[in-house]
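Undergrad: One file: entry-v2.json (JSON, C-alpha atoms and all ligand atoms).
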[["chain", "number", "residue", "atom", "x", "y", "z"],
["A", 3, "MET", "CA", 96.77, 220.63, 57.71],
["A", 4, "SER", "CA", 95.98, 221.92, 54.28],
["A", 5, "THR", "CA", 98.41, 224.35, 52.74],
["A", 6, "THR", "CA", 96.44, 224.92, 49.58],
["A", 7, "THR", "CA", 95.37, 228.39, 50.69],
["A", 8, "VAL", "CA", 98.97, 229.52, 50.87],
["A", 9, "VAL", "CA", 99.87, 229.22, 47.27],
["A", 10, "SER", "CA", 98.96, 226.99, 44.41],
["A", 11, "PRO", "CA", 101.69, 227.08, 41.79],
["A", 12, "SER", "CA", 100.52, 225.92, 38.42],
["A", 13, "ILE", "CA", 101.60, 222.34, 37.94],
["A", 14, "ALA", "CA", 102.19, 220.85, 34.56],
["A", 15, "ASN", "CA", 101.22, 217.23, 35.15],
["A", 16, "GLU", "CA", 102.88, 216.21, 31.95],
["A", 17, "ILE", "CA", 106.33, 217.14, 33.30],
["A", 18, "PRO", "CA", 108.29, 213.89, 33.36],
["A", 19, "HIS", "CA", 109.62, 212.50, 36.64],
["A", 20, "VAL", "CA", 113.15, 213.35, 35.53],
["A", 21, "PRO", "CA", 113.39, 215.81, 32.65],
["A", 22, "GLU", "CA", 115.62, 215.06, 29.72],
["A", 23, "GLN", "CA", 117.78, 218.04, 30.63],
["A", 24, "LEU", "CA", 117.84, 219.74, 34.05],
["A", 25, "TYR", "CA", 120.24, 222.57, 33.26],
["A", 26, "LEU", "CA", 119.69, 224.39, 30.00],
["A", 27, "VAL", "CA", 122.88, 226.25, 29.21],
["A", 28, "GLU", "CA", 125.59, 226.51, 26.64],
["A", 29, "ARG", "CA", 128.12, 223.87, 27.62],
["A", 30, "ALA", "CA", 131.22, 225.99, 26.90],
["A", 31, "LYS", "CA", 129.87, 228.91, 28.94],
["A", 32, "PHE", "CA", 129.13, 226.59, 31.85],
["A", 33, "ALA", "CA", 132.57, 224.95, 31.80],
["A", 34, "GLU", "CA", 134.40, 228.26, 31.44],
["A", 35, "ASN", "CA", 132.62, 229.99, 34.32],
["A", 36, "PHE", "CA", 131.94, 227.15, 36.77],
["A", 37, "ASN", "CA", 133.25, 228.12, 40.21],
["A", 38, "ARG", "CA", 134.94, 231.19, 38.72],
["A", 39, "ARG", "CA", 132.15, 233.73, 38.30],
["A", 40, "PRO", "CA", 128.37, 233.83, 38.70],
["A", 41, "PHE", "CA", 126.21, 233.30, 35.64],
["A", 42, "MET", "CA", 122.58, 232.69, 34.86],
["A", 43, "LEU", "CA", 121.14, 229.69, 33.12],
["A", 44, "ASP", "CA", 117.77, 228.05, 32.58],
["A", 45, "HIS", "CA", 116.49, 224.96, 34.36],
["A", 46, "SER", "CA", 113.51, 222.68, 33.96],
["A", 47, "LEU", "CA", 112.33, 222.21, 37.57],
["A", 48, "SER", "CA", 109.86, 225.06, 37.59],
["A", 49, "GLY", "CA", 106.37, 223.59, 37.91],
["A", 50, "HIS", "CA", 107.71, 220.14, 38.76],
["A", 51, "PRO", "CA", 105.27, 218.29, 41.08],
["A", 52, "ALA", "CA", 108.07, 217.58, 43.59],
["A", 53, "PHE", "CA", 108.02, 221.25, 44.59],
["A", 54, "THR", "CA", 104.35, 222.08, 45.19],
["A", 55, "MET", "CA", 103.64, 223.69, 48.55],
["A", 56, "ASP", "CA", 101.81, 220.56, 49.70],
["A", 57, "ARG", "CA", 104.79, 218.38, 48.85],
["A", 58, "LEU", "CA", 107.17, 220.84, 50.49],
["A", 59, "HIS", "CA", 105.01, 220.92, 53.62],
["A", 60, "SER", "CA", 105.10, 217.15, 53.79],
["A", 61, "LEU", "CA", 108.88, 217.18, 53.35],
["A", 62, "LEU", "CA", 109.18, 219.82, 56.07],
["A", 63, "GLU", "CA", 107.11, 217.73, 58.49],
["A", 64, "ARG", "CA", 109.23, 214.65, 57.79],
["A", 65, "SER", "CA", 112.43, 216.65, 58.24],
["A", 66, "LEU", "CA", 111.60, 218.22, 61.60],
["A", 67, "SER", "CA", 112.49, 215.13, 63.61],
["A", 68, "ILE", "CA", 115.92, 214.84, 61.97],
["A", 69, "PRO", "CA", 118.62, 216.93, 63.67],
["A", 70, "LYS", "CA", 119.91, 219.94, 61.75],
["A", 71, "LYS", "CA", 117.71, 219.38, 58.70],
["A", 72, "VAL", "CA", 115.47, 222.42, 59.17],
["A", 73, "TYR", "CA", 116.41, 225.99, 59.94],
["A", 74, "TRP", "CA", 114.07, 228.92, 60.09],
["A", 75, "ASN", "CA", 113.69, 232.41, 61.40],
["A", 76, "ALA", "CA", 111.09, 235.10, 61.03],
["A", 77, "GLY", "CA", 111.09, 238.88, 61.13],
["A", 78, "LYS", "CA", 112.73, 241.68, 59.21],
["A", 79, "LYS", "CA", 116.43, 241.27, 58.62],
["A", 80, "ARG", "CA", 119.05, 243.66, 57.35],
["A", 81, "ILE", "CA", 121.62, 242.86, 54.69],
["A", 82, "ASP", "CA", 124.46, 243.13, 57.19],
["A", 83, "GLN", "CA", 122.94, 241.10, 60.02],
["A", 84, "ARG", "CA", 124.54, 237.91, 61.29],
["A", 85, "TRP", "CA", 122.89, 234.49, 60.87],
["A", 86, "ASP", "CA", 122.71, 234.08, 64.64],
["A", 87, "ASP", "CA", 121.15, 237.50, 65.14],
["A", 88, "ARG", "CA", 117.62, 236.20, 64.87],
["A", 89, "PRO", "CA", 114.50, 238.29, 65.16],
["A", 90, "GLY", "CA", 112.02, 237.15, 67.79],
["A", 91, "ARG", "CA", 109.17, 234.83, 66.83],
["A", 92, "ASP", "CA", 106.10, 233.81, 68.75],
["A", 93, "PHE", "CA", 104.72, 231.17, 66.42],
["A", 94, "SER", "CA", 105.68, 227.73, 65.25],
["A", 95, "ILE", "CA", 107.47, 226.75, 62.07],
["A", 96, "ASP", "CA", 104.23, 225.16, 60.92],
["A", 97, "GLU", "CA", 102.47, 228.49, 61.24],
["A", 98, "ALA", "CA", 105.39, 230.26, 59.59],
["A", 99, "PHE", "CA", 104.96, 227.95, 56.63],
["A", 100, "ARG", "CA", 101.16, 228.18, 56.46],
["A", 101, "ARG", "CA", 101.22, 231.98, 56.74],
["A", 102, "ILE", "CA", 104.39, 232.40, 54.71],
["A", 103, "ARG", "CA", 102.93, 235.42, 52.92],
["A", 104, "GLU", "CA", 102.89, 237.46, 56.13],
["A", 105, "THR", "CA", 105.41, 235.97, 58.58],
["A", 106, "ASP", "CA", 108.62, 237.46, 57.11],
["A", 107, "ALA", "CA", 109.96, 233.95, 57.35],
["A", 108, "TRP", "CA", 112.98, 232.19, 55.92],
["A", 109, "ILE", "CA", 112.56, 228.42, 56.02],
["A", 110, "VAL", "CA", 115.41, 226.18, 54.93],
["A", 111, "ILE", "CA", 115.12, 222.41, 54.40],
["A", 112, "PHE", "CA", 118.55, 220.78, 54.22],
["A", 113, "GLY", "CA", 119.16, 217.42, 52.60],
["A", 114, "ALA", "CA", 115.95, 217.66, 50.60],
["A", 115, "ASP", "CA", 117.31, 214.92, 48.37],
["A", 116, "ARG", "CA", 116.11, 212.47, 51.05],
["A", 117, "ASP", "CA", 112.92, 212.67, 49.02],
["A", 118, "PRO", "CA", 113.44, 209.97, 46.35],
["A", 119, "GLU", "CA", 111.98, 212.08, 43.57],
["A", 120, "ILE", "CA", 114.15, 215.09, 44.42],
["A", 121, "HIS", "CA", 117.12, 212.73, 44.74],
["A", 122, "ASP", "CA", 116.62, 211.49, 41.17],
["A", 123, "LEU", "CA", 116.33, 215.05, 39.87],
["A", 124, "LEU", "CA", 119.51, 216.12, 41.59],
["A", 125, "GLU", "CA", 121.42, 213.06, 40.43],
["A", 126, "LYS", "CA", 120.49, 214.08, 36.92],
["A", 127, "GLY", "CA", 121.78, 217.59, 37.65],
["A", 128, "LEU", "CA", 125.02, 216.17, 39.07],
["A", 129, "ALA", "CA", 125.58, 214.07, 35.97],
["A", 130, "GLU", "CA", 125.09, 217.12, 33.75],
["A", 131, "VAL", "CA", 127.44, 219.31, 35.81],
["A", 132, "GLN", "CA", 130.10, 216.58, 35.72],
["A", 133, "GLU", "CA", 129.67, 216.14, 32.00],
["A", 134, "MET", "CA", 129.90, 219.87, 31.28],
["A", 135, "THR", "CA", 132.83, 220.64, 33.59],
["A", 136, "GLY", "CA", 134.79, 217.41, 33.41],
["A", 137, "ILE", "CA", 135.07, 217.52, 37.22],
["A", 138, "PRO", "CA", 134.24, 214.11, 38.77],
["A", 139, "LEU", "CA", 132.13, 215.64, 41.53],
["A", 140, "SER", "CA", 130.62, 212.35, 42.64],
["A", 141, "LYS", "CA", 134.17, 211.35, 43.66],
["A", 142, "GLU", "CA", 135.77, 214.68, 44.51],
["A", 143, "ALA", "CA", 132.95, 216.40, 46.34],
["A", 144, "LYS", "CA", 133.23, 215.96, 50.09],
["A", 145, "SER", "CA", 129.49, 216.31, 50.15],
["A", 146, "ARG", "CA", 126.65, 217.33, 47.89],
["A", 147, "GLU", "CA", 123.21, 218.31, 48.88],
["A", 148, "CYS", "CA", 119.88, 219.77, 47.87],
["A", 149, "ILE", "CA", 118.59, 222.64, 49.97],
["A", 150, "ILE", "CA", 115.16, 224.21, 49.58],
["A", 151, "PHE", "CA", 114.50, 227.81, 50.58],
["A", 152, "ILE", "CA", 110.93, 228.97, 51.21],
["A", 153, "THR", "CA", 110.73, 232.66, 51.93],
["A", 154, "SER", "CA", 108.18, 235.42, 52.53],
["A", 155, "PRO", "CA", 107.64, 238.37, 50.20],
["A", 156, "HIS", "CA", 110.30, 241.09, 50.43],
["A", 157, "ARG", "CA", 112.37, 239.03, 52.84],
["A", 158, "VAL", "CA", 116.10, 239.75, 52.73],
["A", 159, "THR", "CA", 118.73, 237.00, 52.99],
["A", 160, "GLU", "CA", 121.78, 238.45, 54.68],
["A", 161, "TYR", "CA", 125.14, 239.05, 52.99],
["A", 162, "HIS", "CA", 127.34, 235.98, 53.32],
["A", 163, "ILE", "CA", 129.74, 233.58, 51.67],
["A", 164, "ASP", "CA", 129.36, 229.80, 51.38],
["A", 165, "ARG", "CA", 131.82, 226.92, 51.51],
["A", 166, "GLU", "CA", 130.08, 225.14, 48.65],
["A", 167, "CYS", "CA", 129.43, 226.13, 45.06],
["A", 168, "SER", "CA", 125.79, 226.19, 44.10],
["A", 169, "MET", "CA", 123.23, 226.02, 41.41],
["A", 170, "LEU", "CA", 120.28, 228.05, 42.75],
["A", 171, "MET", "CA", 117.09, 227.33, 40.81],
["A", 172, "GLN", "CA", 114.02, 229.49, 41.19],
["A", 173, "VAL", "CA", 110.83, 227.43, 41.03],
["A", 174, "TYR", "CA", 108.23, 229.89, 42.36],
["A", 175, "GLY", "CA", 108.11, 233.67, 42.81],
["A", 176, "LYS", "CA", 110.85, 236.13, 42.02],
["A", 177, "LYS", "CA", 113.93, 237.24, 43.88],
["A", 178, "THR", "CA", 116.97, 239.33, 43.12],
["A", 179, "ILE", "CA", 120.41, 238.07, 44.01],
["A", 180, "HIS", "CA", 123.41, 240.40, 44.28],
["A", 181, "VAL", "CA", 126.71, 238.58, 43.79],
["A", 182, "PHE", "CA", 130.20, 240.02, 44.20],
["A", 183, "ASP", "CA", 133.45, 238.97, 42.58],
["A", 184, "LYS", "CA", 135.05, 236.42, 44.92],
["A", 185, "THR", "CA", 138.51, 237.68, 43.98],
["A", 186, "ASP", "CA", 137.87, 241.34, 44.86],
["A", 187, "ARG", "CA", 139.90, 241.75, 48.05],
["A", 188, "GLU", "CA", 138.37, 245.14, 48.84],
["A", 189, "VAL", "CA", 134.96, 243.48, 48.95],
["A", 190, "LEU", "CA", 136.19, 240.34, 50.71],
["A", 191, "SER", "CA", 139.54, 240.46, 52.49],
["A", 192, "GLU", "CA", 141.92, 237.54, 53.01],
["A", 193, "GLU", "CA", 141.36, 237.88, 56.76],
["A", 194, "GLU", "CA", 137.60, 237.56, 56.35],
["A", 195, "ILE", "CA", 137.98, 234.40, 54.27],
["A", 196, "GLU", "CA", 140.47, 232.91, 56.74],
["A", 197, "ARG", "CA", 138.09, 233.60, 59.63],
["A", 198, "PHE", "CA", 135.21, 232.10, 57.64],
["A", 199, "TRP", "CA", 137.00, 228.79, 57.04],
["A", 200, "THR", "CA", 138.32, 228.59, 60.57],
["A", 201, "ALA", "CA", 136.19, 230.26, 63.17],
["A", 202, "ASP", "CA", 133.13, 232.20, 62.02],
["A", 203, "THR", "CA", 130.65, 231.43, 59.23],
["A", 204, "ASN", "CA", 129.55, 235.06, 59.39],
["A", 205, "ALA", "CA", 133.03, 236.45, 58.87],
["A", 206, "ALA", "CA", 132.23, 238.21, 55.57],
["A", 207, "ILE", "CA", 131.45, 241.85, 56.28],
["A", 208, "TYR", "CA", 129.02, 243.75, 54.04],
["A", 209, "LYS", "CA", 130.43, 247.04, 52.75],
["A", 210, "PRO", "CA", 127.51, 249.21, 51.55],
["A", 211, "HIS", "CA", 129.81, 251.64, 49.73],
["A", 212, "LEU", "CA", 130.91, 248.76, 47.46],
["A", 213, "GLN", "CA", 127.39, 247.58, 46.59],
["A", 214, "SER", "CA", 127.76, 248.98, 43.06],
["A", 215, "ARG", "CA", 130.42, 246.31, 42.41],
["A", 216, "ALA", "CA", 127.83, 243.55, 42.71],
["A", 217, "SER", "CA", 126.24, 241.90, 39.70],
["A", 218, "SER", "CA", 122.49, 241.72, 40.23],
["A", 219, "PHE", "CA", 120.37, 238.95, 38.71],
["A", 220, "LEU", "CA", 116.59, 238.63, 38.69],
["A", 221, "LEU", "CA", 115.60, 235.04, 39.38],
["A", 222, "GLU", "CA", 112.22, 234.01, 38.00],
["A", 223, "PRO", "CA", 110.71, 230.53, 37.69],
["A", 224, "GLY", "CA", 112.82, 228.61, 35.20],
["A", 225, "LYS", "CA", 115.92, 230.73, 35.86],
["A", 226, "ALA", "CA", 118.93, 229.64, 37.88],
["A", 227, "ILE", "CA", 122.21, 231.15, 38.95],
["A", 228, "HIS", "CA", 125.55, 229.56, 39.59],
["A", 229, "ILE", "CA", 127.30, 230.87, 42.73],
["A", 230, "PRO", "CA", 131.03, 230.05, 43.06],
["A", 231, "ILE", "CA", 132.61, 229.03, 46.37],
["A", 232, "ASN", "CA", 133.14, 232.09, 48.59],
["A", 233, "ALA", "CA", 131.46, 234.53, 46.18],
["A", 234, "PRO", "CA", 129.75, 237.05, 48.52],
["A", 235, "HIS", "CA", 126.03, 237.46, 47.94],
["A", 236, "TRP", "CA", 122.75, 238.62, 49.41],
["A", 237, "LEU", "CA", 119.17, 238.29, 48.22],
["A", 238, "GLU", "CA", 115.87, 240.10, 48.33],
["A", 239, "ASN", "CA", 112.49, 238.61, 47.50],
["A", 240, "GLY", "CA", 109.91, 240.17, 45.26],
["A", 241, "ASP", "CA", 106.21, 240.78, 46.03],
["A", 242, "ASP", "CA", 105.30, 237.10, 46.19],
["A", 243, "ILE", "CA", 106.59, 234.21, 48.25],
["A", 244, "SER", "CA", 109.63, 232.47, 46.85],
["A", 245, "VAL", "CA", 110.66, 228.84, 46.51],
["A", 246, "SER", "CA", 114.23, 228.12, 45.42],
["A", 247, "VAL", "CA", 116.01, 224.79, 45.01],
["A", 248, "ASN", "CA", 119.74, 224.73, 45.58],
["A", 249, "GLN", "CA", 122.06, 221.99, 44.35],
["A", 250, "ASN", "CA", 125.47, 222.40, 45.90],
["A", 251, "PHE", "CA", 128.86, 220.72, 46.00],
["A", 252, "VAL", "CA", 131.55, 220.93, 48.68],
["A", 253, "PHE", "CA", 134.52, 219.90, 46.61],
["A", 254, "LEU", "CA", 137.47, 222.09, 47.53],
["A", 255, "ASP", "CA", 137.04, 222.01, 51.27],
["A", 256, "GLN", "CA", 140.25, 220.17, 52.04],
["A", 257, "LYS", "CA", 142.43, 222.02, 49.56],
["A", 258, "LEU", "CA", 141.17, 225.58, 49.73],
["A", 259, "GLY", "CA", 139.76, 225.41, 53.25],
["A", 260, "ASN", "CA", 142.94, 223.98, 54.74],
["A", 261, "VAL", "CA", 145.10, 226.66, 53.13],
["A", 262, "TYR", "CA", 142.88, 229.35, 54.58],
["A", 263, "ARG", "CA", 142.87, 227.64, 57.97],
["A", 264, "ALA", "CA", 146.67, 227.45, 57.91],
["A", 265, "ASN", "CA", 146.83, 231.13, 56.98],
["A", 266, "TYR", "CA", 144.41, 232.02, 59.77],
["A", 267, "TYR", "CA", 146.69, 230.51, 62.40],
["A", 268, "ALA", "CA", 149.85, 231.87, 60.75],
["A", 269, "ARG", "CA", 148.38, 235.38, 60.85],
["A", 270, "LYS", "CA", 147.44, 234.89, 64.50],
["A", 271, "MET", "CA", 151.09, 234.09, 65.17],
["A", 272, "GLY", "CA", 152.18, 237.36, 63.58],
["A", 273, "PHE", "CA", 153.05, 236.20, 60.07],
["A", 274, "THR", "CA", 151.68, 237.60, 56.82],
["A", 275, "PRO", "CA", 150.69, 234.42, 55.00],
["A", 276, "LEU", "CA", 150.70, 234.04, 51.25],
["A", 277, "PRO", "CA", 147.13, 233.82, 49.91],
["A", 278, "PRO", "CA", 146.21, 230.58, 48.14],
["A", 279, "GLY", "CA", 147.01, 230.35, 44.46],
["A", 280, "ARG", "CA", 150.36, 232.19, 44.62],
["A", 281, "SER", "CA", 152.56, 229.17, 45.36],
["A", 282, "GLN", "CA", 151.52, 225.64, 44.49],
["A", 283, "THR", "CA", 154.12, 224.15, 46.82],
["A", 284, "ARG", "CA", 153.08, 226.20, 49.83],
["A", 285, "ASP", "CA", 149.42, 225.52, 49.13],
["A", 286, "LEU", "CA", 150.13, 221.80, 49.05],
["A", 287, "ILE", "CA", 152.06, 221.90, 52.31],
["A", 288, "LYS", "CA", 149.31, 223.90, 54.00],
["A", 289, "ALA", "CA", 146.51, 221.74, 52.56],
["A", 290, "HIS", "CA", 148.13, 218.52, 53.76],
["A", 291, "GLY", "CA", 149.77, 219.92, 56.87],
["A", 292, "MET", "CA", 146.46, 221.07, 58.29],
["A", 293, "ARG", "CA", 145.11, 217.54, 58.19],
["A", 294, "ILE", "CA", 147.75, 216.01, 60.43],
["A", 295, "PRO", "CA", 148.74, 217.85, 63.57],
["A", 296, "ASN", "CA", 145.61, 218.52, 65.57],
["A", 297, "PHE", "CA", 147.71, 219.16, 68.66],
["A", 298, "LEU", "CA", 149.53, 221.88, 66.71],
["A", 299, "VAL", "CA", 146.23, 223.41, 65.71],
["A", 300, "ARG", "CA", 145.18, 223.49, 69.35],
["A", 301, "ARG", "CA", 148.53, 225.02, 70.25],
["A", 302, "ALA", "CA", 148.15, 227.61, 67.49],
["A", 303, "LYS", "CA", 144.66, 228.45, 68.73],
["A", 304, "ALA", "CA", 146.03, 228.96, 72.23],
["A", 305, "ILE", "CA", 148.80, 231.19, 70.90],
["A", 306, "GLY", "CA", 146.25, 233.11, 68.85],
["A", 307, "LYS", "CA", 144.11, 233.72, 71.91],
["A", 308, "THR", "CA", 147.13, 234.86, 73.89],
["A", 309, "LEU", "CA", 148.09, 237.28, 71.12],
["A", 310, "GLN", "CA", 144.54, 238.57, 70.92],
["A", 311, "ARG", "CA", 144.55, 239.20, 74.66],
["A", 312, "LYS", "CA", 147.90, 241.01, 74.40],
["A", 313, "GLU", "CA", 146.65, 243.11, 71.49],
["A", 314, "ALA", "CA", 143.59, 244.07, 73.54],
["A", 315, "GLN", "CA", 145.71, 245.20, 76.51],
["B", 401, "FE", "FE", 124.32, 231.48, 50.00]]
Output the file's structure as structure tokens, nothing else.

TA:
Amino acid sequence: MSTTTVVSPSIANEIPHVPEQLYLVERAKFAENFNRRPFMLDHSLSGHPAFTMDRLHSLLERSLSIPKKVYWNAGKKRIDQRWDDRPGRDFSIDEAFRRIRETDAWIVIFGADRDPEIHDLLEKGLAEVQEMTGIPLSKEAKSRECIIFITSPHRVTEYHIDRECSMLMQVYGKKTIHVFDKTDREVLSEEEIERFWTADTNAAIYKPHLQSRASSFLLEPGKAIHIPINAPHWLENGDDISVSVNQNFVFLDQKLGNVYRANYYARKMGFTPLPPGRSQTRDLIKAHGMRIPNFLVRRAKAIGKTLQRKEAQ
């Protein structure tokens, strides 16, 4: 199938396989804000041959047979809708891709760094992030991945939080991202974060009356944004289709995630747990404690369910 009628981004053939610098940003600004607050930066992937629509279509076709490497849905979505609340669709993913201008589709290719060329690009990005932050992500990150988002004009990506921190690079089209302060507990409560890490990836609840607290960034080709772990965000595409490349790192999952999971179960048992960051000792106990006693976790879940049932009576 030819996809050349869909879009033909201008390709600069002279772009080297791996550019000298992937992320173009002031080093001090990057180090100071990394995983603390969102910030924009420039990148050099826009127009790179690895991200033409033909190449992306080929990558999509190769990814379809691998479990959990492709996700898509189509149809209008609201900011506050859940991931699993999917609009109906009566066409294939191939058609969604070919007619991306009109299908209201959101196509996600996970693990895009299976492509050797994309892998090399992202390794370069990893090296730069490590160098700028001093964080040995290649050792500390539980996982790291490249995800590609291909979306229809005006398509909304629902409000959510992520377990990884990301560099989101716009390579084609424009989109606006609205990012909230991850420490604002009116926007994102402790309970929502605890539920997110433990039981429900859609636990973050959009609060329209607090929209003015978001920082809004226009992503154009060559622009990128850094999104910290658990910073709530939602996105809306511009008039054209959009292609974005995401480099992400899961590197605090055990520490931060385990504390929130411990707090989730403690709250279920009627306690008011101390949020992470207030006591190093308690955080350490929770982070390590949650790794050991699976039987206790199961017991806590059972107690939680019992309490929920009692509360509902
Ligand atoms: Fe996200």

Undergrad: Please produce, as a Markdown table, a per-residue contact table for range 59-160 of chain A versus range 230-247 of chain A (criterion: any atom at most 12 Å away, all atoms listed in the file considered), showing the nearest atom pair and its distance in Å to one decimal, sorted by chain then residue number.

TA:
| residue | atom | partner | partner_atom | distance |
| --- | --- | --- | --- | --- |
| A:Lys78 | CA | A:Glu238 | CA | 11.4 |
| A:Lys79 | CA | A:Glu238 | CA | 10.4 |
| A:Arg80 | CA | A:Trp236 | CA | 10.1 |
| A:Ile81 | CA | A:Trp236 | CA | 6.9 |
| A:Asp82 | CA | A:Trp236 | CA | 9.2 |
| A:Gln83 | CA | A:Trp236 | CA | 10.9 |
| A:Phe99 | CA | A:Ile243 | CA | 10.6 |
| A:Arg100 | CA | A:Ile243 | CA | 11.5 |
| A:Arg101 | CA | A:Ile243 | CA | 10.3 |
| A:Ile102 | CA | A:Ile243 | CA | 7.1 |
| A:Arg103 | CA | A:Ile243 | CA | 6.1 |
| A:Glu104 | CA | A:Ile243 | CA | 9.3 |
| A:Thr105 | CA | A:Ile243 | CA | 10.5 |
| A:Asp106 | CA | A:Ile243 | CA | 9.7 |
| A:Ala107 | CA | A:Ile243 | CA | 9.7 |
| A:Trp108 | CA | A:Ser244 | CA | 9.7 |
| A:Ile109 | CA | A:Val245 | CA | 9.7 |
| A:Val110 | CA | A:Ser246 | CA | 9.8 |
| A:Ile111 | CA | A:Val247 | CA | 9.7 |
| A:Phe112 | CA | A:Val247 | CA | 10.4 |
| A:Gly113 | CA | A:Val247 | CA | 11.0 |
| A:Ala114 | CA | A:Val247 | CA | 9.1 |
| A:Asp115 | CA | A:Val247 | CA | 10.5 |
| A:Ile120 | CA | A:Val247 | CA | 9.9 |
| A:Leu123 | CA | A:Val247 | CA | 11.0 |
| A:Leu124 | CA | A:Val247 | CA | 10.0 |
| A:Gly127 | CA | A:Val247 | CA | 11.8 |
| A:Glu147 | CA | A:Val247 | CA | 10.4 |
| A:Cys148 | CA | A:Val247 | CA | 7.0 |
| A:Ile149 | CA | A:Val247 | CA | 6.0 |
| A:Ile150 | CA | A:Val247 | CA | 4.7 |
| A:Phe151 | CA | A:Ser246 | CA | 5.2 |
| A:Ile152 | CA | A:Val245 | CA | 4.7 |
| A:Thr153 | CA | A:Ser244 | CA | 5.2 |
| A:Ser154 | CA | A:Ile243 | CA | 4.7 |
| A:Pro155 | CA | A:Ile243 | CA | 4.7 |
| A:His156 | CA | A:Asn239 | CA | 4.4 |
| A:Arg157 | CA | A:Asn239 | CA | 5.4 |
| A:Val158 | CA | A:Glu238 | CA | 4.4 |
| A:Thr159 | CA | A:Leu237 | CA | 5.0 |
| A:Glu160 | CA | A:Trp236 | CA | 5.4 |

Undergrad: For the residues in the current selection, export C-alpha atoms as a compact mmCIF listing (two decimals), keeping the file's coordinate frame.

TA:
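After the write, out20.txt holds the following:
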# COMPACT_ATOMS: atom_id res chain seq x y z
CA LYS A 78 112.73 241.68 59.21
CA LYS A 79 116.43 241.27 58.62
CA ARG A 80 119.05 243.66 57.35
CA ILE A 81 121.62 242.86 54.69
CA ASP A 82 124.46 243.13 57.19
CA GLN A 83 122.94 241.10 60.02
CA PHE A 99 104.96 227.95 56.63
CA ARG A 100 101.16 228.18 56.46
CA ARG A 101 101.22 231.98 56.74
CA ILE A 102 104.39 232.40 54.71
CA ARG A 103 102.93 235.42 52.92
CA GLU A 104 102.89 237.46 56.13
CA THR A 105 105.41 235.97 58.58
CA ASP A 106 108.62 237.46 57.11
CA ALA A 107 109.96 233.95 57.35
CA TRP A 108 112.98 232.19 55.92
CA ILE A 109 112.56 228.42 56.02
CA VAL A 110 115.41 226.18 54.93
CA ILE A 111 115.12 222.41 54.40
CA PHE A 112 118.55 220.78 54.22
CA GLY A 113 119.16 217.42 52.60
CA ALA A 114 115.95 217.66 50.60
CA ASP A 115 117.31 214.92 48.37
CA ILE A 120 114.15 215.09 44.42
CA LEU A 123 116.33 215.05 39.87
CA LEU A 124 119.51 216.12 41.59
CA GLY A 127 121.78 217.59 37.65
CA GLU A 147 123.21 218.31 48.88
CA CYS A 148 119.88 219.77 47.87
CA ILE A 149 118.59 222.64 49.97
CA ILE A 150 115.16 224.21 49.58
CA PHE A 151 114.50 227.81 50.58
CA ILE A 152 110.93 228.97 51.21
CA THR A 153 110.73 232.66 51.93
CA SER A 154 108.18 235.42 52.53
CA PRO A 155 107.64 238.37 50.20
CA HIS A 156 110.30 241.09 50.43
CA ARG A 157 112.37 239.03 52.84
CA VAL A 158 116.10 239.75 52.73
CA THR A 159 118.73 237.00 52.99
CA GLU A 160 121.78 238.45 54.68

Undergrad: So which one's closest to Met171 in chain A, A:Pro118, A:Gly49, A:Pro275, A:Gly259? Using only C-alpha atoms, please.

TA: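 Of all the options, A:Gly49 lies closest to Met171 in chain A.
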
Undergrad: Please check which protein, DNA or RNA residues sit within 7 Å of ligand FE 401 (chain B), counting only C-alpha atoms and all ligand atoms, and write them as an MDAnalysis selection string.

TA: chainID A and resid 162:164 235

Undergrad: Which residue is closest to Tyr174 in chain A? Choose from A:Tyr267, A:Phe32, A:Phe41, A:Phe53 and count all atoms listed in the file.

TA: A:Phe53

Undergrad: Work out how far apart CA of Leu170 in chain A and CA of Gly77 in chain A are and give it in Å to one decimal.

TA: 23.2 Å

Undergrad: Suppose you want the space between CA of Asn260 in chain A and CA of Lys31 in chain A; what is it in Å?

TA: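 That distance, rounded to one decimal, is 29.3 Å.
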
Undergrad: From the options A:Gly291, A:Ala216, A:Glu133, A:Ser140, which residue's atoms come nearest to Ile179 in chain A, counting all atoms listed in the file?

TA: A:Ala216

Undergrad: Just the number, please: distance in Å from CA of Lys225 in chain A to CA of Tyr208 in chain A, one decimal.

TA: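 Interatomic distance, CA of Lys225 in chain A to CA of Tyr208 in chain A: 25.9 Å.
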
Undergrad: I need range 18-23 of chain A written out with N, CA and C atoms, as a PDB file, in the first residue's frame; please produce it.

TA:
ATOM      1  N   PRO A  18      22.194  13.842   8.796  1.00  0.00           N
ATOM      2  CA  PRO A  18      22.999  12.653   9.071  1.00  0.00           C
ATOM      3  C   PRO A  18      22.185  11.589   9.800  1.00  0.00           C
ATOM      4  N   HIS A  19      22.643  10.351   9.710  1.00  0.00           N
ATOM      5  CA  HIS A  19      21.975   9.220  10.354  1.00  0.00           C
ATOM      6  C   HIS A  19      21.726   9.526  11.835  1.00  0.00           C
ATOM      7  N   VAL A  20      22.773   9.942  12.518  1.00  0.00           N
ATOM      8  CA  VAL A  20      22.625  10.398  13.906  1.00  0.00           C
ATOM      9  C   VAL A  20      23.198  11.811  13.997  1.00  0.00           C
ATOM     10  N   PRO A  21      22.330  12.777  14.307  1.00  0.00           N
ATOM     11  CA  PRO A  21      22.826  14.155  14.355  1.00  0.00           C
ATOM     12  C   PRO A  21      23.847  14.356  15.475  1.00  0.00           C
ATOM     13  N   GLU A  22      24.620  15.393  15.308  1.00  0.00           N
ATOM     14  CA  GLU A  22      25.670  15.671  16.295  1.00  0.00           C
ATOM     15  C   GLU A  22      25.054  15.919  17.667  1.00  0.00           C
ATOM     16  N   GLN A  23      23.908  16.570  17.657  1.00  0.00           N
ATOM     17  CA  GLN A  23      23.214  16.885  18.912  1.00  0.00           C
ATOM     18  C   GLN A  23      21.725  16.619  18.698  1.00  0.00           C
TER      19      GLN A  23
END
